[in-house]
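This report refers to the structure that appears directly beneath it.
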Amino acid sequence: MRPLASSDPAGLNPAYTHKVAETTEELVPHLAEYRFSMTSSEVGSSVVGVRGALGYRFEKVCDGWITEMQHLMVLQGAEGGAINSAYSMTQWESFDGSQYRFRMRDYLDGVQVDEVVGDAVRKADKVLVTYEVPVEVTEELPADTMFPTQHTVTLLKRAMDGDKFANDLVFDGSGDTPTNRVAAVISAAKKSINTANDTDGIAKSPFHSLNLAYYPLGAAENGPSTEIAVDFGDNGVAHELRMNYGSFSVRGVLQKVTRIPAPECG
């Protein structure tokens with residue numbers, strides 16, 4: 001992990017970095033479990049059944065946020081065969097959104113088929129991404145590119161401010177298209193109705209449905225590569241996820257969520 005740099009480490013506007021750090025204080029560190037099932041499948045789809053699970057950890061450490069995801073999907077084929085698809089992601093992001101480190105792994109039927117490792121630093125006029133795996137290469141992104149937690153915080157603030165739409169450039173380091181223009185449609189606040197095992201009561205707050213369409217940087221004219229809807233509580237706890245894969249759709253429902261204690265920092 002990289003230490004949080006001193007005040008305004010990347011030449012950012014100090015008011016902006018303070019605003020991001022202040023807003024992240026409202027997020028609740030937590031450990032969550034989701035169960036996935038198919039909600040629809042088009043005629044002729046090669047996938048006729050889905051089951052899966054997602055383990056999610058969002059933890060506050062002394063110099064930023066750590067996010068860990070373990071996602072498993074079993075796809076039932078129309079011809080009777082099944083494919084086990086697994087994905088893991090570990091991210092660290094500084095509180096002010098100036099630094100980001102990521103590691104992603106993809107597995108197919110238990111065999112690792114892809115791995116991406118790298119970090120990104122926000123400069124005054126660009127975002128500089130350095131990959132370590134699979135190859136050592138450096139990439140420059142526009143200065144307004146956001147990192148994942150920074151983007152979530154921004155969307156939640158817009159939701160609470162009553163905004164209905166958003167359009168942001170986001171880099172997360174994953175997949176073939178790690179940088180996307182993310183178009184969001186934001187609902188009004190809704191009352192929580194989930195029945196998750198929630199001993200700390202952190203999934204009981206009102207939530208906003210965020211419908212997100214991901215347009216790969218440089219290829220937006222081809223339409224979104226991914227469409228995801230997330231029911232986000234105002235404290236950052238996701239109550240439900242819905243993913244559209246084109247010929248089929250799945251739903252992930254929160255099963256259990258637990259608060260993670262804040263760290264003791266000097």
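Residues in the structure tokens are numbered from 1 in each chain, the chains being A, B, ... in the order shown, and ligands are numbered from 1 in the order shown.
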
Shell around A:Gly97 at 8 Å using only C-alpha atoms, local window under 2 positions removed, as a ChimeraX atom specification: /A:17,20,93-95,99-100,122,146-147,149-150

All residues 9 Å or closer to A:Glu33, only C-alpha atoms, same chain fewer than 4 positions away omitted, as a PyMOL selection string: chain A and resi 53-57+253-257

Which of A:Leu210, A:Val133, A:Val117, A:Met243 sits closest to A:Ser40 [using only C-alpha atoms]: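 So, comparing all the options, the nearest one is A:Met243.
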
Per-residue nearest contacts stretch 102-174 of chain A to stretch 66-77 of chain A, cut-off 10 Å, using only C-alpha atoms, as a Markdown table:
| residue | atom | partner | partner_atom | distance |
| --- | --- | --- | --- | --- |
| A:Phe102 | CA | A:Thr67 | CA | 9.4 |
| A:Arg103 | CA | A:Glu68 | CA | 9.7 |
| A:Met104 | CA | A:Met69 | CA | 9.5 |
| A:Arg105 | CA | A:Gln70 | CA | 9.7 |
| A:Asp106 | CA | A:His71 | CA | 9.7 |
| A:Tyr107 | CA | A:Leu72 | CA | 9.2 |
| A:Leu108 | CA | A:Met73 | CA | 9.9 |
| A:Asp109 | CA | A:Val74 | CA | 9.3 |
| A:Pro148 | CA | A:Thr67 | CA | 9.6 |
| A:Thr149 | CA | A:Thr67 | CA | 8.7 |

Helix (DSSP H, G or I) per DSSP on the backbone: members of stretch 11-252 of chain A, as a ChimeraX atom specification: /A:14-24,148-161,220-222

With only C-alpha atoms as the counted atoms, please give the residues lying no more than 10 Å from stretch 248-250 of chain A, apart from itself and same-chain residues fewer than 5 positions off, as a compact mmCIF listing (two decimals) with all heavy atoms, in the first residue's frame.
# COMPACT_ATOMS: atom_id res chain seq x y z
N PHE A 36 -26.66 -14.33 -5.99
CA PHE A 36 -27.09 -13.98 -7.34
C PHE A 36 -27.96 -15.07 -7.95
O PHE A 36 -27.74 -16.26 -7.74
CB PHE A 36 -25.87 -13.75 -8.25
CG PHE A 36 -25.20 -12.42 -8.01
CD1 PHE A 36 -24.29 -12.27 -6.99
CD2 PHE A 36 -25.50 -11.33 -8.81
CE1 PHE A 36 -23.67 -11.05 -6.76
CE2 PHE A 36 -24.90 -10.12 -8.59
CZ PHE A 36 -23.98 -9.97 -7.57
N SER A 37 -28.94 -14.63 -8.75
CA SER A 37 -29.78 -15.55 -9.50
C SER A 37 -30.21 -14.87 -10.80
O SER A 37 -30.17 -13.64 -10.91
CB SER A 37 -31.03 -15.95 -8.69
OG SER A 37 -31.79 -14.79 -8.36
N MET A 38 -30.60 -15.66 -11.78
CA MET A 38 -31.03 -15.12 -13.07
C MET A 38 -32.44 -14.52 -12.94
O MET A 38 -33.31 -15.09 -12.28
CB MET A 38 -31.02 -16.21 -14.14
CG MET A 38 -31.59 -15.78 -15.48
SD MET A 38 -31.49 -17.07 -16.73
CE MET A 38 -29.77 -16.94 -17.21
N THR A 39 -32.63 -13.38 -13.58
CA THR A 39 -33.95 -12.76 -13.58
C THR A 39 -34.61 -12.83 -14.95
O THR A 39 -35.83 -12.77 -15.05
CB THR A 39 -33.86 -11.29 -13.15
OG1 THR A 39 -32.91 -10.60 -13.98
CG2 THR A 39 -33.43 -11.19 -11.70
N SER A 40 -33.81 -12.95 -16.03
CA SER A 40 -34.39 -13.07 -17.37
C SER A 40 -33.36 -13.65 -18.33
O SER A 40 -32.15 -13.53 -18.11
CB SER A 40 -34.86 -11.71 -17.89
OG SER A 40 -33.76 -10.84 -18.09
N SER A 41 -33.85 -14.29 -19.38
CA SER A 41 -32.99 -14.85 -20.42
C SER A 41 -33.73 -14.77 -21.74
O SER A 41 -34.89 -15.21 -21.84
CB SER A 41 -32.63 -16.30 -20.11
OG SER A 41 -31.83 -16.87 -21.13
N GLU A 42 -33.10 -14.18 -22.76
CA GLU A 42 -33.74 -14.05 -24.06
C GLU A 42 -33.81 -15.40 -24.77
O GLU A 42 -32.98 -16.29 -24.53
CB GLU A 42 -32.97 -13.05 -24.92
CG GLU A 42 -33.00 -11.62 -24.39
CD GLU A 42 -32.26 -10.66 -25.30
OE1 GLU A 42 -31.70 -11.12 -26.31
OE2 GLU A 42 -32.26 -9.45 -25.01
N VAL A 43 -34.78 -15.52 -25.65
CA VAL A 43 -34.88 -16.71 -26.48
C VAL A 43 -33.61 -16.84 -27.32
O VAL A 43 -33.16 -15.88 -27.94
CB VAL A 43 -36.12 -16.64 -27.41
CG1 VAL A 43 -36.15 -17.85 -28.35
CG2 VAL A 43 -37.39 -16.57 -26.58
N SER A 45 -30.64 -17.46 -26.05
CA SER A 45 -29.45 -17.18 -25.25
C SER A 45 -28.69 -18.46 -24.96
O SER A 45 -29.27 -19.52 -24.73
CB SER A 45 -29.84 -16.51 -23.93
OG SER A 45 -28.72 -16.38 -23.07
N SER A 46 -27.36 -18.37 -24.97
CA SER A 46 -26.53 -19.54 -24.66
C SER A 46 -26.50 -19.83 -23.17
O SER A 46 -26.02 -20.88 -22.75
CB SER A 46 -25.11 -19.32 -25.18
OG SER A 46 -24.53 -18.17 -24.56
N VAL A 47 -27.03 -18.90 -22.36
CA VAL A 47 -27.08 -19.08 -20.90
C VAL A 47 -28.53 -19.17 -20.47
O VAL A 47 -29.33 -18.26 -20.73
CB VAL A 47 -26.38 -17.91 -20.17
CG1 VAL A 47 -26.51 -18.06 -18.66
CG2 VAL A 47 -24.91 -17.83 -20.57
N VAL A 48 -28.88 -20.26 -19.82
CA VAL A 48 -30.27 -20.46 -19.41
C VAL A 48 -30.44 -20.50 -17.89
O VAL A 48 -31.57 -20.58 -17.40
CB VAL A 48 -30.83 -21.76 -20.03
CG1 VAL A 48 -30.85 -21.67 -21.54
CG2 VAL A 48 -30.02 -22.98 -19.57
N GLY A 49 -29.35 -20.46 -17.17
CA GLY A 49 -29.43 -20.46 -15.71
C GLY A 49 -28.19 -19.85 -15.09
O GLY A 49 -27.09 -19.98 -15.64
N VAL A 50 -28.36 -19.15 -13.96
CA VAL A 50 -27.23 -18.51 -13.27
C VAL A 50 -27.44 -18.65 -11.77
O VAL A 50 -28.54 -18.46 -11.26
CB VAL A 50 -27.12 -17.01 -13.62
CG1 VAL A 50 -26.01 -16.36 -12.79
CG2 VAL A 50 -26.84 -16.80 -15.10
N ARG A 51 -26.37 -18.97 -11.08
CA ARG A 51 -26.36 -18.86 -9.63
C ARG A 51 -24.97 -18.36 -9.23
O ARG A 51 -23.99 -18.59 -9.94
CB ARG A 51 -26.69 -20.19 -8.95
CG ARG A 51 -25.68 -21.28 -9.13
CD ARG A 51 -26.13 -22.57 -8.43
NE ARG A 51 -25.09 -23.57 -8.42
CZ ARG A 51 -24.83 -24.42 -9.41
NH1 ARG A 51 -25.56 -24.36 -10.53
NH2 ARG A 51 -23.86 -25.31 -9.31
N GLY A 52 -24.90 -17.68 -8.12
CA GLY A 52 -23.59 -17.15 -7.74
C GLY A 52 -23.63 -16.41 -6.43
O GLY A 52 -24.67 -16.30 -5.76
N GLU A 227 -24.17 -2.75 -18.26
CA GLU A 227 -25.21 -1.97 -17.59
C GLU A 227 -25.48 -2.59 -16.23
O GLU A 227 -25.77 -3.78 -16.13
CB GLU A 227 -26.49 -1.94 -18.43
CG GLU A 227 -26.34 -1.18 -19.74
CD GLU A 227 -27.63 -1.13 -20.53
OE1 GLU A 227 -28.51 -0.33 -20.16
OE2 GLU A 227 -27.75 -1.89 -21.52
N ILE A 228 -25.35 -1.77 -15.19
CA ILE A 228 -25.51 -2.24 -13.82
C ILE A 228 -26.41 -1.27 -13.07
O ILE A 228 -26.28 -0.05 -13.23
CB ILE A 228 -24.15 -2.34 -13.10
CG1 ILE A 228 -23.21 -3.31 -13.83
CG2 ILE A 228 -24.33 -2.78 -11.65
CD1 ILE A 228 -21.81 -3.34 -13.25
N LEU A 241 -28.01 -5.46 -6.31
CA LEU A 241 -27.34 -5.20 -7.58
C LEU A 241 -28.09 -5.93 -8.69
O LEU A 241 -28.55 -7.05 -8.50
CB LEU A 241 -25.88 -5.69 -7.55
CG LEU A 241 -24.97 -5.18 -6.43
CD1 LEU A 241 -24.98 -6.18 -5.27
CD2 LEU A 241 -23.56 -5.00 -6.93
N ARG A 242 -28.19 -5.28 -9.85
CA ARG A 242 -28.83 -5.89 -11.01
C ARG A 242 -27.92 -5.67 -12.22
O ARG A 242 -27.55 -4.53 -12.50
CB ARG A 242 -30.22 -5.29 -11.25
CG ARG A 242 -31.19 -5.56 -10.11
CD ARG A 242 -32.50 -4.81 -10.25
NE ARG A 242 -32.35 -3.37 -10.17
CZ ARG A 242 -32.21 -2.68 -9.05
NH1 ARG A 242 -32.18 -3.31 -7.87
NH2 ARG A 242 -32.10 -1.36 -9.06
N MET A 243 -27.57 -6.76 -12.91
CA MET A 243 -26.62 -6.69 -14.02
C MET A 243 -27.25 -7.20 -15.30
O MET A 243 -27.86 -8.28 -15.32
CB MET A 243 -25.37 -7.52 -13.69
CG MET A 243 -24.69 -7.10 -12.40
SD MET A 243 -23.25 -8.12 -12.01
CE MET A 243 -22.77 -7.45 -10.41

Sel. of strand (DSSP E) residues, stretch 11-256 of chain A, as a PyMOL selection string: chain A and resi 30-41+47-61+64-77+82-94+99-108+111-122+127-133+137-141+165-171+179-186+207-216+226-233+238-244+248-256
